[in-house]
>>> print(open('start-v1.csv').read())   # CSV, C-alpha atoms and all ligand atoms
chain,number,residue,atom,x,y,z
A,698,MET,CA,-305.9,149.1,36.4
A,699,SER,CA,-308.9,150.5,34.6
A,700,THR,CA,-309.1,151.5,31.0
A,701,ILE,CA,-309.5,155.2,30.4
A,702,ARG,CA,-311.9,155.9,27.5
A,703,SER,CA,-312.8,159.6,28.0
A,704,ALA,CA,-311.4,162.8,29.4
A,705,ASP,CA,-312.6,166.2,30.5
A,706,ILE,CA,-310.0,169.0,30.5
A,707,PHE,CA,-310.9,172.2,32.4
A,708,CYS,CA,-309.2,175.4,31.3
A,709,LYS,CA,-309.5,178.8,32.9
A,710,VAL,CA,-307.9,181.5,30.8
A,711,ILE,CA,-305.9,183.8,33.1
A,712,ASP,CA,-304.2,185.9,30.4
A,713,ASN,CA,-302.2,185.4,27.2
A,714,PHE,CA,-302.5,182.2,25.2
A,715,GLY,CA,-300.7,179.6,27.2
A,716,ASP,CA,-303.6,178.2,29.2
A,717,ALA,CA,-305.7,177.7,26.0
A,718,GLY,CA,-302.7,176.6,24.0
A,719,VAL,CA,-301.6,173.9,26.4
A,720,CYS,CA,-305.2,172.6,26.9
A,721,TRP,CA,-306.0,172.6,23.2
A,722,ARG,CA,-302.8,170.7,22.5
A,723,LEU,CA,-303.5,168.2,25.3
A,724,ALA,CA,-307.1,167.7,24.1
A,725,ARG,CA,-305.8,167.0,20.6
A,726,ALA,CA,-303.1,164.6,21.9
A,727,LEU,CA,-305.6,162.6,24.1
A,728,THR,CA,-308.0,162.4,21.1
A,729,ARG,CA,-305.2,160.9,19.0
A,730,ASN,CA,-304.8,158.4,21.8
A,731,HIS,CA,-308.3,157.3,21.1
A,732,LEU,CA,-310.0,159.0,24.0
A,733,SER,CA,-313.3,160.8,23.7
A,734,VAL,CA,-312.4,164.3,24.9
A,735,ARG,CA,-314.2,167.4,26.1
A,736,LEU,CA,-312.3,170.7,26.5
A,737,TRP,CA,-314.2,172.9,29.0
A,738,ILE,CA,-312.9,176.5,28.5
A,739,ASP,CA,-314.2,179.7,30.0
A,740,ASP,CA,-312.9,182.0,27.2
A,741,LEU,CA,-313.8,180.8,23.7
A,742,ALA,CA,-312.4,184.1,22.2
A,743,CYS,CA,-309.0,183.2,23.4
A,744,LEU,CA,-309.1,179.8,21.9
A,745,ARG,CA,-310.4,181.4,18.7
A,746,ARG,CA,-307.2,183.4,18.4
A,747,LEU,CA,-305.4,180.1,18.2
A,748,ARG,CA,-308.0,178.1,16.2
A,749,PRO,CA,-310.1,180.6,14.2
A,750,ALA,CA,-312.6,177.7,13.4
A,751,ILE,CA,-314.1,178.2,16.8
A,752,ASP,CA,-317.5,179.8,16.9
A,753,THR,CA,-317.7,181.9,20.1
A,754,ALA,CA,-321.5,181.8,20.1
A,755,ARG,CA,-321.8,178.0,20.5
A,756,ARG,CA,-321.8,176.2,23.9
A,757,ALA,CA,-320.6,172.9,22.4
A,758,GLN,CA,-318.8,172.4,19.1
A,759,PRO,CA,-316.5,169.9,17.5
A,760,LEU,CA,-312.8,170.8,16.9
A,761,ASP,CA,-309.9,168.6,15.8
A,762,GLY,CA,-311.7,165.4,16.8
A,763,PHE,CA,-312.8,166.5,20.3
A,764,THR,CA,-315.6,168.7,21.7
A,765,VAL,CA,-315.1,172.2,22.9
A,766,MET,CA,-317.5,173.2,25.7
A,767,LEU,CA,-318.2,176.6,27.1
A,768,TRP,CA,-317.3,176.5,30.8
A,769,ASP,CA,-319.7,178.8,32.5
A,770,GLU,CA,-322.1,178.5,35.5
A,771,ALA,CA,-324.7,176.7,33.4
A,772,ALA,CA,-322.2,174.0,32.5
A,773,SER,CA,-322.5,172.5,36.0
A,774,GLU,CA,-326.1,171.4,35.3
A,775,ALA,CA,-326.3,167.7,34.6
A,776,TYR,CA,-322.5,167.4,34.4
A,777,ALA,CA,-321.5,163.7,33.9
A,778,PRO,CA,-317.8,163.3,34.5
A,779,ALA,CA,-315.5,161.5,32.0
A,780,ASP,CA,-313.2,158.7,33.2
A,781,MET,CA,-310.3,161.1,33.7
A,782,VAL,CA,-310.9,164.7,34.8
A,783,ILE,CA,-308.0,167.1,34.4
A,784,GLU,CA,-308.0,170.6,36.0
A,785,ALA,CA,-305.3,172.6,34.2
A,786,PHE,CA,-303.1,174.7,36.3
A,787,ALA,CA,-305.1,174.4,39.5
A,788,CYS,CA,-308.2,176.0,38.0
A,789,ARG,CA,-311.0,175.0,40.4
A,790,MET,CA,-314.1,173.2,39.2
A,791,PRO,CA,-317.3,174.5,40.9
A,792,GLU,CA,-318.9,172.6,43.8
A,793,PRO,CA,-321.8,171.1,41.8
A,794,MET,CA,-319.3,169.6,39.3
A,795,LEU,CA,-317.1,168.3,42.2
A,796,GLU,CA,-320.2,166.7,43.8
A,797,ALA,CA,-321.0,165.0,40.5
A,798,LEU,CA,-317.4,163.7,40.4
A,799,ALA,CA,-317.7,162.4,44.0
A,800,ARG,CA,-320.9,160.6,43.2
A,801,ALA,CA,-319.6,159.0,40.0
A,802,GLU,CA,-319.4,155.2,39.9
A,803,PRO,CA,-316.8,153.7,39.3
A,804,CYS,CA,-314.7,156.5,40.7
A,805,ARG,CA,-312.9,158.9,38.3
A,806,ALA,CA,-309.3,159.8,38.0
A,807,TRP,CA,-309.0,163.5,39.1
A,808,ILE,CA,-305.8,165.2,38.1
A,809,ASN,CA,-304.3,168.7,38.5
A,810,LEU,CA,-302.0,169.3,35.6
A,811,GLU,CA,-299.3,171.6,36.9
A,812,TYR,CA,-297.0,174.2,35.3
A,813,LEU,CA,-293.8,173.1,33.6
A,814,SER,CA,-290.7,173.6,35.7
A,815,ALA,CA,-287.2,172.1,35.9
A,816,GLU,CA,-287.0,173.0,39.6
A,817,PRO,CA,-286.2,169.9,41.8
A,818,TRP,CA,-289.3,170.3,43.9
A,819,ALA,CA,-291.5,169.4,40.9
A,820,LYS,CA,-290.1,165.8,41.0
A,821,GLY,CA,-290.9,165.6,44.7
A,822,SER,CA,-294.5,166.7,44.2
A,823,HIS,CA,-295.2,164.8,41.0
A,824,ALA,CA,-298.1,162.2,41.3
A,825,LEU,CA,-298.8,163.1,45.0
A,826,PRO,CA,-302.3,162.7,46.2
A,827,SER,CA,-304.3,165.6,47.7
A,828,PRO,CA,-307.6,164.6,49.4
A,829,HIS,CA,-310.5,166.9,49.1
A,830,PRO,CA,-311.3,168.4,52.6
A,831,ARG,CA,-315.0,167.5,52.5
A,832,LEU,CA,-315.9,165.2,49.6
A,833,PRO,CA,-314.7,161.6,49.2
A,834,LEU,CA,-312.4,162.6,46.4
A,835,THR,CA,-308.6,162.6,45.9
A,836,GLN,CA,-306.9,164.7,43.3
A,837,HIS,CA,-303.3,163.9,42.1
A,838,PHE,CA,-300.7,166.5,41.0
A,839,TYR,CA,-299.3,165.8,37.6
A,840,PHE,CA,-296.2,167.6,36.5
A,841,PRO,CA,-294.9,167.8,32.9
A,842,GLY,CA,-291.2,167.7,32.8
A,843,PHE,CA,-287.9,167.5,30.9
A,844,GLU,CA,-286.5,164.5,32.7
A,845,PRO,CA,-287.5,160.9,33.6
A,846,GLY,CA,-289.6,160.7,36.8
A,847,LEU,CA,-292.1,163.4,35.6
A,848,GLY,CA,-294.9,163.4,33.1
A,849,GLY,CA,-292.9,164.4,30.0
A,850,LEU,CA,-294.0,166.9,27.4
A,851,ILE,CA,-296.7,166.7,24.7
A,852,ARG,CA,-295.1,165.5,21.5
A,853,GLU,CA,-297.3,164.4,18.6
A,854,PRO,CA,-296.2,160.9,17.2
A,855,ASP,CA,-296.0,162.3,13.6
A,856,LEU,CA,-294.0,165.4,14.6
A,857,GLY,CA,-290.6,164.0,13.6
A,858,SER,CA,-291.8,162.9,10.1
A,859,ALA,CA,-293.6,166.2,9.6
A,860,ARG,CA,-290.5,168.1,10.5
A,861,ALA,CA,-288.3,165.9,8.3
A,862,ALA,CA,-290.6,166.5,5.3
A,863,PHE,CA,-290.3,170.2,5.8
A,864,ASP,CA,-287.4,170.6,3.4
A,865,ALA,CA,-285.8,173.7,1.9
A,866,GLN,CA,-288.6,174.0,-0.7
A,867,ALA,CA,-291.4,173.7,1.9
A,868,ARG,CA,-289.6,176.2,4.1
A,869,ALA,CA,-289.4,178.7,1.2
A,870,GLY,CA,-293.0,178.2,0.3
A,871,PHE,CA,-294.1,178.6,3.9
A,872,LEU,CA,-292.1,181.8,4.4
A,873,ALA,CA,-293.5,183.3,1.2
A,874,ARG,CA,-297.1,182.3,2.4
A,875,ILE,CA,-296.8,184.1,5.7
A,876,GLY,CA,-295.2,187.1,4.0
A,877,ALA,CA,-291.9,186.7,5.7
A,878,HIS,CA,-290.0,187.0,2.5
A,879,PRO,CA,-291.4,189.0,-0.4
A,880,THR,CA,-289.7,187.1,-3.3
A,881,ASP,CA,-288.9,183.5,-4.1
A,882,SER,CA,-285.2,184.2,-4.0
A,883,PRO,CA,-283.4,182.4,-1.1
A,884,LEU,CA,-283.2,184.2,2.2
A,885,ASP,CA,-279.5,184.6,3.1
A,886,ASP,CA,-280.1,186.4,6.4
A,887,LEU,CA,-280.2,184.7,9.8
A,888,LEU,CA,-283.8,184.2,10.5
A,889,VAL,CA,-285.1,184.9,14.0
A,890,SER,CA,-288.7,184.5,15.4
A,891,MET,CA,-289.8,186.8,18.2
A,892,PHE,CA,-292.4,185.9,20.8
A,893,CYS,CA,-291.9,187.8,24.0
A,894,TYR,CA,-293.7,189.8,26.7
A,895,PRO,CA,-294.0,193.6,26.4
A,896,HIS,CA,-291.4,194.2,29.1
A,897,ALA,CA,-288.6,192.3,27.3
A,898,PRO,CA,-285.6,194.5,26.5
A,899,LEU,CA,-286.5,194.1,22.8
A,900,ASP,CA,-285.6,197.6,21.8
A,901,SER,CA,-282.0,197.2,22.9
A,902,LEU,CA,-281.8,193.8,21.2
A,903,LEU,CA,-283.2,195.2,17.9
A,904,SER,CA,-280.6,198.0,18.1
A,905,ALA,CA,-277.8,195.4,18.5
A,906,MET,CA,-279.2,193.4,15.6
A,907,GLN,CA,-278.8,196.5,13.4
A,908,SER,CA,-275.0,196.3,13.7
A,909,GLY,CA,-274.6,192.5,13.9
A,910,PRO,CA,-274.7,189.9,11.2
A,911,ARG,CA,-277.6,190.4,8.7
A,912,VAL,CA,-280.8,189.2,10.3
A,913,THR,CA,-284.5,189.1,9.5
A,914,CYS,CA,-286.6,189.2,12.6
A,915,LEU,CA,-290.2,187.8,12.2
A,916,VAL,CA,-292.7,189.2,14.8
A,917,PRO,CA,-296.2,187.7,14.9
A,918,GLU,CA,-298.9,190.4,14.9
A,919,GLY,CA,-299.7,191.5,18.5
A,920,VAL,CA,-296.3,190.7,19.9
A,921,ALA,CA,-294.7,193.9,21.4
A,922,GLY,CA,-297.0,195.7,19.0
A,923,ASP,CA,-296.4,199.3,20.2
A,924,LEU,CA,-292.6,199.0,20.1
A,925,ILE,CA,-292.7,197.3,16.7
A,926,ALA,CA,-295.0,200.0,15.3
A,927,ARG,CA,-292.7,202.7,16.6
A,928,ARG,CA,-289.7,201.0,15.0
A,929,LEU,CA,-291.5,200.5,11.7
A,930,ASN,CA,-293.1,204.0,11.8
A,931,ARG,CA,-296.4,202.5,10.8
A,932,PRO,CA,-299.0,200.1,12.2
A,933,ALA,CA,-297.5,196.7,13.1
A,934,ILE,CA,-299.8,194.7,10.9
A,935,PRO,CA,-298.9,191.6,8.8
A,936,GLY,CA,-296.7,192.6,5.8
A,937,ALA,CA,-295.3,195.7,7.5
A,938,ARG,CA,-291.5,195.6,7.2
A,939,SER,CA,-288.5,197.9,7.4
A,940,THR,CA,-284.7,197.5,7.1
A,941,ARG,CA,-282.3,199.5,9.2
A,942,GLY,CA,-278.6,198.6,9.2
A,943,ASN,CA,-278.3,194.8,9.1
A,944,LEU,CA,-281.8,194.2,10.6
A,945,THR,CA,-285.0,193.6,8.6
A,946,LEU,CA,-288.0,193.6,10.8
A,947,VAL,CA,-291.1,191.9,9.5
A,948,VAL,CA,-294.6,191.6,11.0
A,949,VAL,CA,-296.2,188.2,10.1
A,950,PRO,CA,-299.7,187.1,11.0
A,951,PHE,CA,-300.4,185.5,14.4
A,952,LEU,CA,-300.3,181.9,13.2
A,953,GLU,CA,-302.4,178.8,13.9
A,954,PRO,CA,-300.4,176.4,16.1
A,955,ASP,CA,-299.3,174.0,13.4
A,956,ASP,CA,-298.0,177.0,11.3
A,957,TYR,CA,-296.3,178.4,14.4
A,958,ASP,CA,-294.4,175.1,14.6
A,959,ARG,CA,-293.4,175.6,11.0
A,960,LEU,CA,-292.2,179.1,11.9
A,961,LEU,CA,-290.0,177.7,14.7
A,962,TRP,CA,-288.7,175.0,12.3
A,963,SER,CA,-287.8,177.7,9.8
A,964,CYS,CA,-285.8,180.0,12.0
A,965,ASP,CA,-282.1,179.8,13.1
A,966,LEU,CA,-283.0,181.2,16.5
A,967,ASN,CA,-286.4,181.4,18.3
A,968,PHE,CA,-287.4,183.7,21.1
A,969,VAL,CA,-290.2,182.0,23.0
A,970,ARG,CA,-292.1,182.7,26.2
A,971,GLY,CA,-294.4,181.2,28.8
A,972,GLU,CA,-294.9,177.5,28.5
A,973,ASP,CA,-296.3,176.0,25.3
A,974,SER,CA,-294.0,177.9,22.9
A,975,LEU,CA,-291.1,176.8,25.0
A,976,VAL,CA,-292.1,173.1,24.4
A,977,ARG,CA,-292.6,173.7,20.7
A,978,ALA,CA,-289.2,175.4,20.5
A,979,HIS,CA,-287.7,172.2,21.8
A,980,TRP,CA,-289.2,170.1,19.0
A,981,ALA,CA,-287.9,172.6,16.4
A,982,GLU,CA,-284.4,171.4,17.4
A,983,ARG,CA,-283.1,175.0,17.0
A,984,PRO,CA,-281.5,177.3,19.5
A,985,PHE,CA,-284.0,179.3,21.5
A,986,ILE,CA,-284.1,182.0,24.2
A,987,TRP,CA,-286.9,181.6,26.7
A,988,GLN,CA,-288.6,184.5,28.5
A,989,LEU,CA,-290.5,183.3,31.5
A,990,TYR,CA,-293.9,184.4,32.6
A,991,PRO,CA,-293.3,187.0,35.4
A,992,GLN,CA,-294.4,185.7,38.8
A,993,ALA,CA,-294.8,187.3,42.2
A,994,GLU,CA,-291.5,188.0,44.0
A,995,GLY,CA,-289.5,187.1,41.0
A,996,ALA,CA,-290.2,183.4,41.3
A,997,GLN,CA,-289.4,183.0,37.6
A,998,GLN,CA,-285.7,183.6,38.3
A,999,PRO,CA,-284.9,180.3,40.1
A,1000,LYS,CA,-287.1,178.6,37.5
A,1001,LEU,CA,-284.9,180.0,34.8
A,1002,GLU,CA,-281.7,179.0,36.5
A,1003,ALA,CA,-283.1,175.5,37.1
A,1004,PHE,CA,-284.0,175.2,33.4
A,1005,LEU,CA,-280.6,176.5,32.3
A,1006,ASP,CA,-278.8,174.0,34.6
A,1007,THR,CA,-280.9,171.1,33.3
A,1008,SER,CA,-280.9,172.0,29.7
A,1009,HIS,CA,-277.2,172.9,29.5
A,1010,ALA,CA,-276.0,169.5,30.6
A,1011,GLY,CA,-273.3,168.4,28.2
A,1012,MET,CA,-273.1,171.9,26.5
A,1013,ALA,CA,-269.6,173.2,26.0
A,1014,THR,CA,-268.6,175.6,28.8
A,1015,GLY,CA,-268.1,178.7,26.7
A,1016,LEU,CA,-271.4,178.3,24.9
A,1017,ALA,CA,-273.3,177.6,28.1
A,1018,ALA,CA,-271.9,180.7,29.7
A,1019,ARG,CA,-272.8,182.9,26.7
A,1020,VAL,CA,-276.4,181.5,26.4
A,1021,ARG,CA,-276.9,181.8,30.2
A,1022,SER,CA,-275.9,185.4,30.3
A,1023,PHE,CA,-278.1,186.2,27.3
A,1024,ALA,CA,-281.1,184.4,28.9
A,1025,GLN,CA,-280.5,186.2,32.2
A,1026,TRP,CA,-280.3,189.6,30.5
A,1027,TRP,CA,-283.5,188.8,28.5
A,1028,ASN,CA,-285.3,187.9,31.8
A,1029,ALA,CA,-283.8,190.7,34.0
A,1030,ASP,CA,-286.2,193.0,35.8
A,1031,SER,CA,-284.4,196.2,34.8
A,1032,ALA,CA,-281.8,197.5,32.4
A,1033,ALA,CA,-279.3,196.8,35.2
A,1034,MET,CA,-277.4,194.2,33.1
A,1035,GLU,CA,-275.4,195.1,30.0
A,1036,LEU,CA,-276.5,193.6,26.7
A,1037,PRO,CA,-274.4,190.5,26.0
A,1038,ASP,CA,-272.5,190.3,22.7
A,1039,TRP,CA,-275.2,189.6,20.1
A,1040,SER,CA,-272.7,188.9,17.3
A,1041,ALA,CA,-270.8,186.4,19.4
A,1042,LEU,CA,-274.0,184.6,20.2
A,1043,CYS,CA,-274.8,184.4,16.5
A,1044,ALA,CA,-271.4,183.0,15.8
A,1045,ASN,CA,-272.2,180.2,18.2
A,1046,LEU,CA,-275.4,179.2,16.5
A,1047,PRO,CA,-274.1,176.0,14.7
A,1048,GLU,CA,-272.7,174.6,17.9
A,1049,TRP,CA,-275.8,175.6,19.8
A,1050,GLU,CA,-278.0,173.9,17.2
A,1051,SER,CA,-276.2,170.6,17.7
A,1052,HIS,CA,-276.8,170.9,21.4
A,1053,ALA,CA,-280.5,171.8,20.8
A,1054,CYS,CA,-280.9,168.5,18.8
A,1055,ARG,CA,-279.3,166.4,21.5
A,1056,TRP,CA,-281.3,168.1,24.3
A,1057,ALA,CA,-284.6,167.7,22.4
A,1058,ALA,CA,-283.8,163.9,21.9
A,1059,SER,CA,-283.1,163.6,25.6
A,1060,VAL,CA,-286.4,165.3,26.6
A,1061,ALA,CA,-288.4,163.3,24.1
A,1062,SER,CA,-287.0,160.1,25.6
A,1063,ALA,CA,-288.1,161.1,29.1
A,1064,GLY,CA,-291.8,160.5,28.2
A,1065,GLU,CA,-294.8,161.9,26.4
A,1066,LEU,CA,-297.4,163.7,28.5
A,1067,SER,CA,-300.6,162.6,26.9
A,1068,GLN,CA,-299.6,158.9,27.0
A,1069,SER,CA,-298.1,159.1,30.5
A,1070,VAL,CA,-301.2,160.8,32.0
A,1071,ILE,CA,-303.5,158.2,30.6
A,1072,GLU,CA,-301.3,155.4,32.1
A,1073,PHE,CA,-301.2,157.2,35.4
A,1074,ALA,CA,-305.0,157.8,35.4
A,1075,SER,CA,-305.7,154.1,34.7
A,1076,LYS,CA,-303.5,153.2,37.7
A,1077,ILE,CA,-305.1,155.6,40.3
A,1078,ARG,CA,-308.7,155.0,39.2
A,1101,LIG,O1,-299.1,183.3,25.8
A,1101,LIG,P1,-298.1,182.9,26.8
A,1101,LIG,O2,-297.4,183.9,27.5
A,1101,LIG,O3,-298.9,182.1,27.9
A,1101,LIG,C1,-298.6,182.1,29.3
A,1101,LIG,C2,-297.9,181.0,29.8
A,1101,LIG,O4,-298.5,179.8,29.5
A,1101,LIG,C3,-297.8,181.1,31.3
A,1101,LIG,O5,-297.0,180.1,31.8
A,1101,LIG,C4,-299.2,181.2,31.9
A,1101,LIG,O6,-299.1,181.3,33.2
A,1101,LIG,C5,-299.9,182.3,31.3
A,1101,LIG,O7,-299.9,182.2,29.9
A,1101,LIG,C6,-301.3,182.4,31.8
A,1101,LIG,O8,-297.1,181.8,26.2
A,1101,LIG,P2,-297.2,180.3,25.7
A,1101,LIG,O9,-297.4,179.4,26.9
A,1101,LIG,O10,-296.1,180.0,24.9
A,1101,LIG,O11,-298.6,180.3,24.9
A,1101,LIG,C7,-298.6,180.8,23.6
A,1101,LIG,C8,-299.4,179.9,22.7
A,1101,LIG,O12,-299.7,180.6,21.5
A,1101,LIG,C9,-298.7,178.7,22.3
A,1101,LIG,O13,-299.6,177.6,22.2
A,1101,LIG,C10,-298.1,179.0,20.9
A,1101,LIG,C11,-299.2,179.8,20.4
A,1101,LIG,N1,-298.9,180.7,19.3
A,1101,LIG,C12,-299.5,180.5,18.1
A,1101,LIG,O14,-300.3,179.5,17.9
A,1101,LIG,N2,-299.3,181.3,17.0
A,1101,LIG,C13,-298.4,182.4,17.1
A,1101,LIG,O15,-298.2,183.1,16.1
A,1101,LIG,C14,-297.8,182.6,18.4
A,1101,LIG,C15,-296.8,183.7,18.5
A,1101,LIG,C16,-298.0,181.7,19.4
>>> encode(input="start-v1.csv", output="structure tokens")
Amino acid sequence: MSTIRSADIFCKVIDNFGDAGVCWRLARALTRNHLSVRLWIDDLACLRRLRPAIDTARRAQPLDGFTVMLWDEAASEAYAPADMVIEAFACRMPEPMLEALARAEPCRAWINLEYLSAEPWAKGSHALPSPHPRLPLTQHFYFPGFEPGLGGLIREPDLGSARAAFDAQARAGFLARIGAHPTDSPLDDLLVSMFCYPHAPLDSLLSAMQSGPRVTCLVPEGVAGDLIARRLNRPAIPGARSTRGNLTLVVVPFLEPDDYDRLLWSCDLNFVRGEDSLVRAHWAERPFIWQLYPQAEGAQQPKLEAFLDTSHAGMATGLAARVRSFAQWWNADSAAMELPDWSALCANLPEWESHACRWAASVASAGELSQSVIEFASKIR
């Protein structure tokens, strides 16, 4: 056992916001666990979309208690590794950095933080060693997860109290601040947040919403922008809104992560995607529909089924079937499936919310990622 005092997180942005989002969140969580943290990221502009405080012209800068470092070729010069070195999502550190890692005394904990999946193989691969083919270095796989036996999910220790303090008045103030609701009168509609990929069958869903129960759908700027602009008949910029039938469509700003949490807490149903917004939707304790990041050969489909199997444990059979068919439709490759009954899904929201609370509590009790990875690193070092 060796105390871990510092961490380097390496983040290569492939596309979208998930790589930066997960790494930023992990950096903040490790910092709050009293580690000195550097987040090495190759795309400062992407991080800036999440945290506008970032200056894209600076190679090193403080943010939220840790240091953000531009990860480019020059970063390898004189690299001195931290006690724990995390490569996110198998991004590869360049040879000179690996050589510095191999030379470091005492040896460092070298970890590959993997993608989140409920598929059974994740448990089988969690914490396995993977020796470097040439250098005297061993990397370990580390899997976040929903169940015991994996690394858990990132969950800030003060999240429960922050959410509990977010009462009806705070919610109304927040919704007014982001322009979700133009007046201070209470919002009677069902409130839905929408974060999806451009290929989602959103147009069909919005049409169904027009003839379902009254709903206000909040779409952060940049999400399905072309479709939303067509629907609104004007640019999809914050403040743009239109009502057709029982649906009011509103564009809100792309929010900073802590405000995005508040958005999820505020809504009756959240559509989320990728990885990090899925985790945040759990902590909102509200019903959610997940759209998975599309992978080669449809690898996201078994991932979806595994998640539904795991997360629906203990859910009433009728509700589970309804949610499953909706999630399958939302993730289908084509318009081959018929749109499930939107109104019936809405009628199930109270029962679904009770399940969401139980499921979130079960996931939270399975472990917290930032703490578990520190413990793991101190054992393997
Ligand atoms: O943006 P994503 O689709 O990211 C994806 C996934 O991580 C995927 O697994 C990965 O392979 C791919 O990137 C490269 O979805 P995700 O993971 O939810 O990340 C979005 C982040 O943006 C998350 O941290 C929440 C945050 N966010 C805000 O902060 N404000 C907002 O208004 C919105 C809509 C999102």
>>> atom_distance(input="start-v1.csv", atom1="CA of Gly846 (chain A)", atom2="atom O8 of ligand LIG 1101 (chain A)")
24.8 Å
>>> atom_distance(input="start-v1.csv", atom1="CA of Pro828 (chain A)", atom2="CA of Lys1076 (chain A)")
16.8 Å
>>> closest_atom_pairs(input="start-v1.csv", of="chain A", to="ligand LIG 1101 (chain A)", cutoff="6 Å", atoms="only C-alpha atoms and all ligand atoms", output="Markdown table")
| residue | atom | partner | partner_atom | distance |
| --- | --- | --- | --- | --- |
| A:Ile711 | CA | A:LIG1101 | C6 | 5.0 |
| A:Asp712 | CA | A:LIG1101 | C6 | 4.8 |
| A:Asn713 | CA | A:LIG1101 | O1 | 4.0 |
| A:Phe714 | CA | A:LIG1101 | O1 | 3.6 |
| A:Gly715 | CA | A:LIG1101 | O3 | 3.2 |
| A:Asp716 | CA | A:LIG1101 | O4 | 5.4 |
| A:Gly718 | CA | A:LIG1101 | O13 | 3.7 |
| A:Val719 | CA | A:LIG1101 | O13 | 5.9 |
| A:Leu747 | CA | A:LIG1101 | O14 | 5.1 |
| A:Phe892 | CA | A:LIG1101 | C15 | 5.4 |
| A:Pro917 | CA | A:LIG1101 | O15 | 5.2 |
| A:Phe951 | CA | A:LIG1101 | O15 | 3.7 |
| A:Leu952 | CA | A:LIG1101 | O15 | 3.8 |
| A:Glu953 | CA | A:LIG1101 | O14 | 4.6 |
| A:Pro954 | CA | A:LIG1101 | O14 | 3.6 |
| A:Tyr957 | CA | A:LIG1101 | N2 | 4.9 |
| A:Arg970 | CA | A:LIG1101 | O10 | 5.0 |
| A:Gly971 | CA | A:LIG1101 | C2 | 3.6 |
| A:Glu972 | CA | A:LIG1101 | O9 | 3.5 |
| A:Asp973 | CA | A:LIG1101 | O9 | 3.9 |
| A:Ser974 | CA | A:LIG1101 | O10 | 3.6 |
| A:Leu975 | CA | A:LIG1101 | O10 | 5.9 |
| A:Tyr990 | CA | A:LIG1101 | C3 | 5.3 |
>>> atom_distance(input="start-v1.csv", atom1="CA of Leu723 (chain A)", atom2="CA of Arg1055 (chain A)")
24.6 Å
>>> residues_around(input="start-v1.csv", residues="Leu744 (chain A)", least_positions_apart="4", cutoff="10 Å", atoms="only C-alpha atoms", output="PyMOL selection string")
chain A and resi 710+714-718+720-721+738-740+748-753+765
>>> residues_around(input="start-v1.csv", residues="Ile701 (chain A)", least_positions_apart="6", cutoff="12 Å", atoms="all atoms listed in the file", output="PyMOL selection string")
chain A and resi 727-728+730-734+779-782+803-806+1068+1070-1078
>>> closest_residue(input="start-v1.csv", among="A:Asp864, A:Glu994, A:Glu1048, A:Asp900", to="Leu1016 (chain A)", atoms="all atoms listed in the file")
A:Glu1048
>>> closest_residue(input="start-v1.csv", among="A:Val912, A:Met794, A:Ala726, A:Cys893", to="Ser1040 (chain A)", atoms="all atoms listed in the file")
A:Val912
>>> residues_around(input="start-v1.csv", residues="region 870-874 of chain A", least_positions_apart="2", cutoff="12 Å", atoms="only C-alpha atoms", output="count of residues only")
35
>>> closest_residue(input="start-v1.csv", among="A:Ala815, A:Pro898, A:Gly849, A:Val976", to="His1009 (chain A)", atoms="all atoms listed in the file")
A:Ala815
>>> residues_around(input="start-v1.csv", residues="Ala1041 (chain A)", least_positions_apart="3", cutoff="12 Å", atoms="all atoms listed in the file", output="JSON, numbers by chain")
{"A": [905, 906, 909, 910, 1015, 1016, 1018, 1019, 1020, 1023, 1036, 1037, 1038, 1044, 1045, 1046, 1047, 1049]}
>>> residues_around(input="start-v1.csv", residues="region 785-787 of chain A", least_positions_apart="6", cutoff="10 Å", atoms="all atoms listed in the file", output="ChimeraX atom specification")
/A:706-710,716-717,719-720,808-813,838-840
>>> closest_residue(input="start-v1.csv", among="A:Pro833, A:Gly922, A:Gly1064, A:Pro895", to="Asn1028 (chain A)", atoms="all atoms listed in the file")
A:Pro895
>>> closest_residue(input="start-v1.csv", among="A:Arg938, A:Leu1066, A:Arg725, A:Val920", to="Leu760 (chain A)", atoms="only C-alpha atoms")
A:Arg725
>>> closest_residue(input="start-v1.csv", among="A:Ser908, A:Gln1025, A:Gln836, A:Gln758", to="Ala799 (chain A)", atoms="only C-alpha atoms")
A:Gln836
>>> residues_near_point(input="start-v1.csv", point="(-315.1, 166.8, 24.4)", cutoff="8 Å", atoms="all atoms listed in the file", output="PDB file with C-alpha atoms, in the frame of the given file")
ATOM      1  CA  ALA A 704    -311.400 162.800  29.400  1.00  0.00           C
ATOM      2  CA  ASP A 705    -312.600 166.200  30.500  1.00  0.00           C
ATOM      3  CA  SER A 733    -313.300 160.800  23.700  1.00  0.00           C
ATOM      4  CA  VAL A 734    -312.400 164.300  24.900  1.00  0.00           C
ATOM      5  CA  ARG A 735    -314.200 167.400  26.100  1.00  0.00           C
ATOM      6  CA  LEU A 736    -312.300 170.700  26.500  1.00  0.00           C
ATOM      7  CA  TRP A 737    -314.200 172.900  29.000  1.00  0.00           C
ATOM      8  CA  PRO A 759    -316.500 169.900  17.500  1.00  0.00           C
ATOM      9  CA  PHE A 763    -312.800 166.500  20.300  1.00  0.00           C
ATOM     10  CA  THR A 764    -315.600 168.700  21.700  1.00  0.00           C
ATOM     11  CA  VAL A 765    -315.100 172.200  22.900  1.00  0.00           C
ATOM     12  CA  MET A 766    -317.500 173.200  25.700  1.00  0.00           C
TER      13      MET A 766
END
